[in-house]
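Note: the block below is model_17.cif and it holds mmCIF, C-alpha atoms.
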```cif
data_upload
#
loop_
_atom_site.group_PDB
_atom_site.id
_atom_site.type_symbol
_atom_site.label_atom_id
_atom_site.label_comp_id
_atom_site.auth_asym_id
_atom_site.auth_seq_id
_atom_site.Cartn_x
_atom_site.Cartn_y
_atom_site.Cartn_z
ATOM 1 C CA GLN A 1 0.000 0.000 0.000
ATOM 2 C CA PRO A 2 2.708 2.624 0.727
ATOM 3 C CA LEU A 3 4.206 2.164 -2.752
ATOM 4 C CA VAL A 4 0.790 2.653 -4.381
ATOM 5 C CA SER A 5 -0.054 5.640 -2.158
ATOM 6 C CA ASP A 6 3.284 7.311 -2.920
ATOM 7 C CA ALA A 7 2.799 6.832 -6.664
ATOM 8 C CA ILE A 8 -0.700 8.336 -6.544
ATOM 9 C CA LEU A 9 0.235 11.267 -4.318
ATOM 10 C CA SER A 10 3.311 12.050 -6.402
ATOM 11 C CA ALA A 11 1.034 12.308 -9.448
ATOM 12 C CA CYS A 12 -1.865 14.156 -7.807
ATOM 13 C CA ASP A 13 -1.469 17.055 -5.396
ATOM 14 C CA LEU A 14 -4.397 17.094 -2.961
ATOM 15 C CA ARG A 15 -3.421 20.268 -1.061
ATOM 16 C CA SER A 16 -6.053 22.397 -2.813
ATOM 17 C CA HIS A 17 -8.870 20.120 -1.637
ATOM 18 C CA ARG A 18 -10.639 20.421 1.681
ATOM 19 C CA LYS A 19 -12.274 16.973 2.104
ATOM 20 C CA LEU A 20 -11.402 13.586 0.613
ATOM 21 C CA LEU A 21 -13.879 10.690 0.657
ATOM 22 C CA ASP A 22 -11.958 7.425 0.178
ATOM 23 C CA ILE A 23 -14.392 4.681 -0.826
ATOM 24 C CA GLY A 24 -13.281 1.117 -0.162
ATOM 25 C CA GLY A 25 -10.124 2.397 1.512
ATOM 26 C CA GLY A 26 -9.528 -0.630 3.739
ATOM 27 C CA GLU A 27 -7.564 0.206 6.849
ATOM 28 C CA GLY A 28 -6.951 3.762 5.703
ATOM 29 C CA GLY A 29 -3.398 3.635 4.352
ATOM 30 C CA PHE A 30 -4.106 5.959 1.436
ATOM 31 C CA LEU A 31 -6.107 8.370 3.586
ATOM 32 C CA LEU A 32 -3.301 8.582 6.160
ATOM 33 C CA ALA A 33 -0.726 9.206 3.430
ATOM 34 C CA ALA A 34 -2.925 11.858 1.773
ATOM 35 C CA ALA A 35 -3.486 13.674 5.076
ATOM 36 C CA ALA A 36 0.252 13.650 5.792
ATOM 37 C CA ARG A 37 0.954 15.366 2.457
ATOM 38 C CA ALA A 38 -1.976 17.796 2.614
ATOM 39 C CA PRO A 39 -2.014 19.373 6.101
ATOM 40 C CA ARG A 40 -5.470 20.955 5.821
ATOM 41 C CA LEU A 41 -7.201 18.001 4.150
ATOM 42 C CA GLN A 42 -10.063 16.379 6.035
ATOM 43 C CA GLY A 43 -10.514 12.677 5.294
ATOM 44 C CA LEU A 44 -13.411 10.256 5.476
ATOM 45 C CA LEU A 45 -13.004 6.530 4.904
ATOM 46 C CA PHE A 46 -16.100 4.664 3.708
ATOM 47 C CA ASP A 47 -15.893 0.879 3.776
ATOM 48 C CA ALA A 48 -17.722 -2.232 4.934
ATOM 49 C CA PRO A 49 -18.411 -2.463 8.702
ATOM 50 C CA PRO A 50 -15.730 -5.091 9.505
ATOM 51 C CA VAL A 51 -13.069 -3.097 7.635
ATOM 52 C CA ARG A 52 -14.234 0.150 9.172
ATOM 53 C CA ALA A 53 -13.760 -1.317 12.660
ATOM 54 C CA SER A 54 -10.064 -1.946 12.023
ATOM 55 C CA SER A 55 -9.600 1.540 10.494
ATOM 56 C CA SER A 56 -11.322 3.210 13.428
ATOM 57 C CA ALA A 57 -8.934 1.481 15.779
ATOM 58 C CA LEU A 58 -5.943 2.653 13.714
ATOM 59 C CA PHE A 59 -6.855 6.339 13.229
ATOM 60 C CA PRO A 60 -6.875 7.427 16.908
ATOM 61 C CA ARG A 61 -3.317 6.103 17.315
ATOM 62 C CA ARG A 62 -1.952 7.951 14.276
ATOM 63 C CA GLU A 63 -1.628 11.582 13.314
ATOM 64 C CA PRO A 64 -3.654 13.481 12.179
ATOM 65 C CA ARG A 65 -6.311 12.196 14.582
ATOM 66 C CA ASP A 66 -8.672 15.151 14.352
ATOM 67 C CA ARG A 67 -8.884 15.227 10.538
ATOM 68 C CA LEU A 68 -9.668 11.577 9.725
ATOM 69 C CA HIS A 69 -12.927 9.770 10.280
ATOM 70 C CA CYS A 70 -14.529 6.483 9.317
ATOM 71 C CA CYS A 71 -18.028 5.667 8.155
ATOM 72 C CA ALA A 72 -19.323 2.121 7.742
ATOM 73 C CA GLY A 73 -21.349 1.172 4.721
ATOM 74 C CA ASP A 74 -21.605 -0.842 1.548
ATOM 75 C CA PHE A 75 -21.430 1.337 -1.554
ATOM 76 C CA ARG A 76 -23.731 -1.121 -3.354
ATOM 77 C CA THR A 77 -26.600 -0.607 -0.914
ATOM 78 C CA ASP A 78 -25.927 2.372 1.349
ATOM 79 C CA PRO A 79 -25.898 6.086 0.495
ATOM 80 C CA LEU A 80 -22.459 7.645 0.214
ATOM 81 C CA PRO A 81 -21.473 10.346 2.716
ATOM 82 C CA GLU A 82 -21.755 13.872 1.341
ATOM 83 C CA GLY A 83 -19.541 16.934 1.690
ATOM 84 C CA ALA A 84 -16.340 15.882 -0.061
ATOM 85 C CA ASP A 85 -14.815 17.893 -2.894
ATOM 86 C CA ILE A 86 -12.740 14.915 -4.064
ATOM 87 C CA VAL A 87 -13.519 11.194 -3.974
ATOM 88 C CA SER A 88 -10.927 8.450 -4.375
ATOM 89 C CA LEU A 89 -11.295 4.891 -5.604
ATOM 90 C CA ILE A 90 -7.955 3.202 -5.027
ATOM 91 C CA ARG A 91 -7.787 -0.262 -6.603
ATOM 92 C CA VAL A 92 -11.561 -0.716 -6.251
ATOM 93 C CA ILE A 93 -13.008 -0.616 -9.777
ATOM 94 C CA HIS A 94 -11.439 -3.794 -11.182
ATOM 95 C CA ASP A 95 -12.971 -5.855 -8.377
ATOM 96 C CA HIS A 96 -16.493 -5.309 -9.753
ATOM 97 C CA ASP A 97 -18.578 -5.823 -12.880
ATOM 98 C CA ASP A 98 -19.708 -2.968 -15.146
ATOM 99 C CA ALA A 99 -23.182 -2.632 -13.616
ATOM 100 C CA THR A 100 -21.784 -2.286 -10.087
ATOM 101 C CA VAL A 101 -19.097 0.167 -11.213
ATOM 102 C CA LEU A 102 -21.576 2.298 -13.153
ATOM 103 C CA ALA A 103 -23.938 2.446 -10.160
ATOM 104 C CA LEU A 104 -21.025 3.467 -7.911
ATOM 105 C CA LEU A 105 -19.839 6.149 -10.337
ATOM 106 C CA ARG A 106 -23.364 7.572 -10.586
ATOM 107 C CA ALA A 107 -23.665 7.641 -6.787
ATOM 108 C CA ILE A 108 -20.345 9.484 -6.556
ATOM 109 C CA ARG A 109 -21.417 11.970 -9.232
ATOM 110 C CA ALA A 110 -24.601 12.657 -7.249
ATOM 111 C CA ILE A 111 -22.713 13.654 -4.083
ATOM 112 C CA LEU A 112 -19.907 15.701 -5.644
ATOM 113 C CA PRO A 113 -20.289 19.453 -6.133
ATOM 114 C CA ALA A 114 -19.992 20.764 -9.708
ATOM 115 C CA SER A 115 -16.307 21.554 -9.122
ATOM 116 C CA GLY A 116 -15.628 18.202 -7.429
ATOM 117 C CA GLN A 117 -13.170 15.632 -8.686
ATOM 118 C CA LEU A 118 -12.932 11.865 -8.835
ATOM 119 C CA LEU A 119 -9.520 10.221 -8.460
ATOM 120 C CA ILE A 120 -9.226 6.648 -9.705
ATOM 121 C CA ALA A 121 -6.048 4.633 -9.233
ATOM 122 C CA GLU A 122 -5.985 1.173 -10.777
ATOM 123 C CA PRO A 123 -3.869 -1.217 -12.701
ATOM 124 C CA LEU A 124 -5.462 -1.031 -16.161
ATOM 125 C CA ARG A 125 -5.589 -3.428 -19.087
ATOM 126 C CA ALA A 126 -3.609 -2.482 -22.173
ATOM 127 C CA THR A 127 -0.915 -0.545 -20.315
ATOM 128 C CA PRO A 128 1.468 0.455 -23.122
ATOM 129 C CA GLY A 129 4.533 -1.777 -23.158
ATOM 130 C CA ALA A 130 3.137 -4.179 -20.556
ATOM 131 C CA GLU A 131 0.080 -5.690 -22.224
ATOM 132 C CA ARG A 132 1.053 -9.354 -21.745
ATOM 133 C CA MET A 133 2.237 -8.835 -18.173
ATOM 134 C CA GLY A 134 -1.020 -7.016 -17.379
ATOM 135 C CA ASP A 135 -3.081 -9.839 -18.842
ATOM 136 C CA ALA A 136 -1.186 -12.334 -16.662
ATOM 137 C CA TYR A 137 -1.635 -10.157 -13.558
ATOM 138 C CA PHE A 138 -5.366 -9.790 -14.079
ATOM 139 C CA GLY A 139 -5.752 -13.462 -14.933
ATOM 140 C CA PHE A 140 -4.302 -14.591 -11.614
ATOM 141 C CA TYR A 141 -5.757 -11.780 -9.530
ATOM 142 C CA LEU A 142 -9.330 -12.174 -10.767
ATOM 143 C CA LEU A 143 -9.115 -15.955 -10.530
ATOM 144 C CA ALA A 144 -8.156 -15.575 -6.854
ATOM 145 C CA MET A 145 -10.881 -12.953 -6.246
ATOM 146 C CA GLY A 146 -13.558 -14.966 -8.024
ATOM 147 C CA GLN A 147 -15.047 -11.774 -9.487
ATOM 148 C CA GLY A 148 -14.141 -8.540 -11.198
ATOM 149 C CA GLN A 149 -13.237 -7.292 -14.623
ATOM 150 C CA PRO A 150 -10.056 -5.771 -16.019
ATOM 151 C CA ARG A 151 -10.616 -2.581 -17.995
ATOM 152 C CA SER A 152 -8.591 -0.408 -20.290
ATOM 153 C CA ARG A 153 -8.433 3.365 -19.937
ATOM 154 C CA SER A 154 -10.939 3.765 -22.791
ATOM 155 C CA GLN A 155 -13.391 1.297 -21.209
ATOM 156 C CA LEU A 156 -13.176 3.160 -17.918
ATOM 157 C CA ALA A 157 -13.622 6.496 -19.723
ATOM 158 C CA GLU A 158 -16.856 5.166 -21.279
ATOM 159 C CA LEU A 159 -18.208 4.207 -17.853
ATOM 160 C CA LEU A 160 -17.259 7.624 -16.475
ATOM 161 C CA GLU A 161 -19.037 9.372 -19.347
ATOM 162 C CA CYS A 162 -22.165 7.251 -18.820
ATOM 163 C CA ALA A 163 -22.126 8.316 -15.154
ATOM 164 C CA GLY A 164 -21.930 12.024 -16.027
ATOM 165 C CA PHE A 165 -18.199 12.671 -15.628
ATOM 166 C CA GLY A 166 -15.924 14.390 -18.124
ATOM 167 C CA LYS A 167 -13.088 12.809 -20.013
ATOM 168 C CA PRO A 168 -10.471 11.613 -17.513
ATOM 169 C CA GLU A 169 -6.960 13.021 -17.483
ATOM 170 C CA GLU A 170 -4.246 10.436 -16.933
ATOM 171 C CA LEU A 171 -1.500 11.491 -14.540
ATOM 172 C CA ALA A 172 1.944 9.931 -14.936
ATOM 173 C CA THR A 173 3.094 7.401 -12.336
ATOM 174 C CA PRO A 174 6.487 5.691 -11.996
ATOM 175 C CA VAL A 175 5.088 2.138 -12.383
ATOM 176 C CA PRO A 176 2.027 2.349 -14.662
ATOM 177 C CA LEU A 177 1.476 -1.416 -14.724
ATOM 178 C CA GLN A 178 0.897 -1.321 -10.977
ATOM 179 C CA THR A 179 -0.983 1.971 -10.735
ATOM 180 C CA ARG A 180 -2.399 4.308 -13.335
ATOM 181 C CA VAL A 181 -4.072 7.463 -12.074
ATOM 182 C CA LEU A 182 -7.113 9.048 -13.695
ATOM 183 C CA LEU A 183 -8.589 12.360 -12.555
ATOM 184 C CA THR A 184 -11.950 13.664 -13.755
ATOM 185 C CA ARG A 185 -14.587 16.263 -12.929
#
```

Take the structure I supplied and represent it as structure tokens, if you would.
Amino acid sequence: QPLVSDAILSACDLRSHRKLLDIGGGEGGFLLAAAARAPRLQGLLFDAPPVRASSSALFPRREPRDRLHCCAGDFRTDPLPEGADIVSLIRVIHDHDDATVLALLRAIRAILPASGQLLIAEPLRATPGAERMGDAYFGFYLLAMGQGQPRSRSQLAELLECAGFGKPEELATPVPLQTRVLLTR
């Protein structure tokens, strides 16, 4: 997780944002890293109740205690928390089918203000120069997960457009096979 967080935060400066909603953020590694780099950023982690319990236990022991919070919920069935000006999906999209992803993207679009942004960080299919390696990665990963769907940048852009987002901008990362970063409004 630290390697992925560093790659994302080197590509995307979050200091101009006031509140980050990290959906499916696990134990909060990305949120902690983002808050460390952006001293005024408030953070809210939204994940399933069992995951949220472990994040809640971690946040009070780590700085910045007063800026990070957790909220339990399932993005497939529960409303998303409002008030963020940027939402992050870090290695979440490829774990789900198109219908689930489109519903999630629409829910995010509904809670973001007009100037809000969506940050997506994923390994993507058809990464230039690493197509075969990416196919192997996704083959094993999705076999182990038992669900999900690898997508290319253009496939993800189509889903974003269907959900009401603009064309995503790709931000350069040091290891694009591992993490590609897309930012959209």

Next on the checklist: Which residues are near Pro128 (chain A)? Cut-off 10 Å, all atoms listed in the file, ignore same chain within fewer than 6 positions. Put them as an NGL selection string.
Outcome noted: :A and (134 or 176-177)

Checklist entry - What is the CA of Glu161 (chain A)-CA of Ile120 (chain A) distance in Å, reported with one decimal? => result 14.0 Å

Item to check | Hits from the PyMOL selection byres ((chain A and resi 145-157) around 10), listed as an MDAnalysis selection string | outcome: chainID A and resid 92:98 100:102 120 122:127 134:135 137:144 158:163 165:170 180:182 184

Would you mind exporting the chosen residues as a compact mmCIF listing (two decimals), keeping the file's coordinate frame, restricted to C-alpha atoms?
```
# COMPACT_ATOMS: atom_id res chain seq x y z
CA VAL A 92 -11.56 -0.72 -6.25
CA ILE A 93 -13.01 -0.62 -9.78
CA HIS A 94 -11.44 -3.79 -11.18
CA ASP A 95 -12.97 -5.86 -8.38
CA HIS A 96 -16.49 -5.31 -9.75
CA ASP A 97 -18.58 -5.82 -12.88
CA ASP A 98 -19.71 -2.97 -15.15
CA THR A 100 -21.78 -2.29 -10.09
CA VAL A 101 -19.10 0.17 -11.21
CA LEU A 102 -21.58 2.30 -13.15
CA ILE A 120 -9.23 6.65 -9.70
CA GLU A 122 -5.98 1.17 -10.78
CA PRO A 123 -3.87 -1.22 -12.70
CA LEU A 124 -5.46 -1.03 -16.16
CA ARG A 125 -5.59 -3.43 -19.09
CA ALA A 126 -3.61 -2.48 -22.17
CA THR A 127 -0.92 -0.55 -20.32
CA GLY A 134 -1.02 -7.02 -17.38
CA ASP A 135 -3.08 -9.84 -18.84
CA TYR A 137 -1.64 -10.16 -13.56
CA PHE A 138 -5.37 -9.79 -14.08
CA GLY A 139 -5.75 -13.46 -14.93
CA PHE A 140 -4.30 -14.59 -11.61
CA TYR A 141 -5.76 -11.78 -9.53
CA LEU A 142 -9.33 -12.17 -10.77
CA LEU A 143 -9.12 -15.96 -10.53
CA ALA A 144 -8.16 -15.58 -6.85
CA GLU A 158 -16.86 5.17 -21.28
CA LEU A 159 -18.21 4.21 -17.85
CA LEU A 160 -17.26 7.62 -16.48
CA GLU A 161 -19.04 9.37 -19.35
CA CYS A 162 -22.16 7.25 -18.82
CA ALA A 163 -22.13 8.32 -15.15
CA PHE A 165 -18.20 12.67 -15.63
CA GLY A 166 -15.92 14.39 -18.12
CA LYS A 167 -13.09 12.81 -20.01
CA PRO A 168 -10.47 11.61 -17.51
CA GLU A 169 -6.96 13.02 -17.48
CA GLU A 170 -4.25 10.44 -16.93
CA ARG A 180 -2.40 4.31 -13.34
CA VAL A 181 -4.07 7.46 -12.07
CA LEU A 182 -7.11 9.05 -13.70
CA THR A 184 -11.95 13.66 -13.76
```

Item to check | Gly164 (chain A) environment, 9 Å, all atoms listed in the file, sequence neighbours closer than 5 positions dropped, as a PyMOL selection string | outcome: chain A and resi 105-106+109+159

Checklist entry - So, counting only C-alpha atoms, which residue among A:Gly29, A:Arg40, A:Ile23, A:Pro113 is closest to Asp74 (chain A)? => result A:Ile23

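Proximity to Gly73 (chain A) at 8 Å, evaluated using all atoms listed in the file and with sequence-adjacent residues fewer than 6 positions away removed, yields Phe46, Asp47, Ala48, Pro49, Pro79 and Leu80 of chain A.
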
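CA of Leu20 (chain A) is found 12.2 Å from CA of Ile111 (chain A).
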
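Proximity to Gly26 (chain A) was assessed for A:Ala172, A:Ile108, A:Leu45, A:Ala99 counting all atoms listed in the file; the smallest distance is recorded for A:Leu45.
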
Decode the PyMOL selection byres ((chain A and resi 19) around 7) for the given file into explicit residues and return them as a short mmCIF file (atom, residue, chain, number, x, y, z; two decimals) with C-alpha atoms, keeping the file's coordinate frame.
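To be explicit, this is the file written out as selection-v3.cif:
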```cif
data_model
loop_
_atom_site.label_atom_id
_atom_site.label_comp_id
_atom_site.auth_asym_id
_atom_site.auth_seq_id
_atom_site.Cartn_x
_atom_site.Cartn_y
_atom_site.Cartn_z
CA HIS A 17 -8.87 20.12 -1.64
CA ARG A 18 -10.64 20.42 1.68
CA LEU A 20 -11.40 13.59 0.61
CA LEU A 21 -13.88 10.69 0.66
CA LEU A 41 -7.20 18.00 4.15
CA GLN A 42 -10.06 16.38 6.04
CA GLY A 43 -10.51 12.68 5.29
CA ALA A 84 -16.34 15.88 -0.06
CA ASP A 85 -14.82 17.89 -2.89
CA ILE A 86 -12.74 14.92 -4.06
#
```

Next on the checklist: Between CA of Gly25 (chain A) and CA of Leu119 (chain A), what is the distance in Å, rounded to a tenth?
Outcome noted: 12.7 Å

Checklist entry - When distances are computed from only C-alpha atoms, which of A:Ser16, A:Ser5, A:Ser88, A:Thr77 shows the smallest separation from Leu44 (chain A)? => result A:Ser88

Next on the checklist: Suppose a student applies the PyMOL selection byres ((chain A and resi 11) around 9) to this structure; what residues should they get, written as an NGL selection string?
Outcome noted: :A and (6-10 or 12-13 or 171-174 or 181)

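You can rank A:Val4, A:Arg67, A:Thr179, A:Val51 by their closest distance to Leu32 (chain A) using only C-alpha atoms, and at the top of that list sits A:Arg67.
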
As a short mmCIF file (atom, residue, chain, number, x, y, z; two decimals), keeping the file's coordinate frame, could you write out region 152-163 of chain A once it has been completed with N, CA, C and O atoms?
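Output below, filename out04.cif:
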```cif
data_model
loop_
_atom_site.label_atom_id
_atom_site.label_comp_id
_atom_site.auth_asym_id
_atom_site.auth_seq_id
_atom_site.Cartn_x
_atom_site.Cartn_y
_atom_site.Cartn_z
N SER A 152 -9.57 -1.33 -19.73
CA SER A 152 -8.59 -0.41 -20.29
C SER A 152 -9.00 1.01 -19.92
O SER A 152 -10.11 1.25 -19.43
N ARG A 153 -8.12 1.96 -20.19
CA ARG A 153 -8.43 3.36 -19.94
C ARG A 153 -9.67 3.79 -20.72
O ARG A 153 -10.54 4.47 -20.19
N SER A 154 -9.78 3.37 -21.97
CA SER A 154 -10.94 3.76 -22.79
C SER A 154 -12.24 3.14 -22.27
O SER A 154 -13.28 3.80 -22.28
N GLN A 155 -12.18 1.91 -21.78
CA GLN A 155 -13.39 1.30 -21.21
C GLN A 155 -13.82 2.04 -19.94
O GLN A 155 -15.01 2.26 -19.72
N LEU A 156 -12.86 2.42 -19.13
CA LEU A 156 -13.18 3.16 -17.92
C LEU A 156 -13.71 4.55 -18.27
O LEU A 156 -14.65 5.04 -17.64
N ALA A 157 -13.15 5.18 -19.28
CA ALA A 157 -13.62 6.50 -19.72
C ALA A 157 -15.08 6.42 -20.18
O ALA A 157 -15.87 7.33 -19.91
N GLU A 158 -15.46 5.34 -20.85
CA GLU A 158 -16.86 5.17 -21.28
C GLU A 158 -17.78 5.07 -20.07
O GLU A 158 -18.86 5.68 -20.06
N LEU A 159 -17.39 4.32 -19.06
CA LEU A 159 -18.21 4.21 -17.85
C LEU A 159 -18.32 5.56 -17.16
O LEU A 159 -19.40 5.94 -16.69
N LEU A 160 -17.23 6.29 -17.09
CA LEU A 160 -17.26 7.62 -16.48
C LEU A 160 -18.20 8.56 -17.23
O LEU A 160 -18.99 9.28 -16.61
N GLU A 161 -18.15 8.53 -18.54
CA GLU A 161 -19.04 9.37 -19.35
C GLU A 161 -20.50 9.00 -19.12
O GLU A 161 -21.35 9.88 -18.96
N CYS A 162 -20.79 7.71 -19.08
CA CYS A 162 -22.16 7.25 -18.82
C CYS A 162 -22.67 7.72 -17.45
O CYS A 162 -23.86 7.91 -17.26
N ALA A 163 -21.76 7.89 -16.51
CA ALA A 163 -22.13 8.32 -15.15
C ALA A 163 -22.19 9.84 -15.01
O ALA A 163 -22.54 10.35 -13.96
#
```
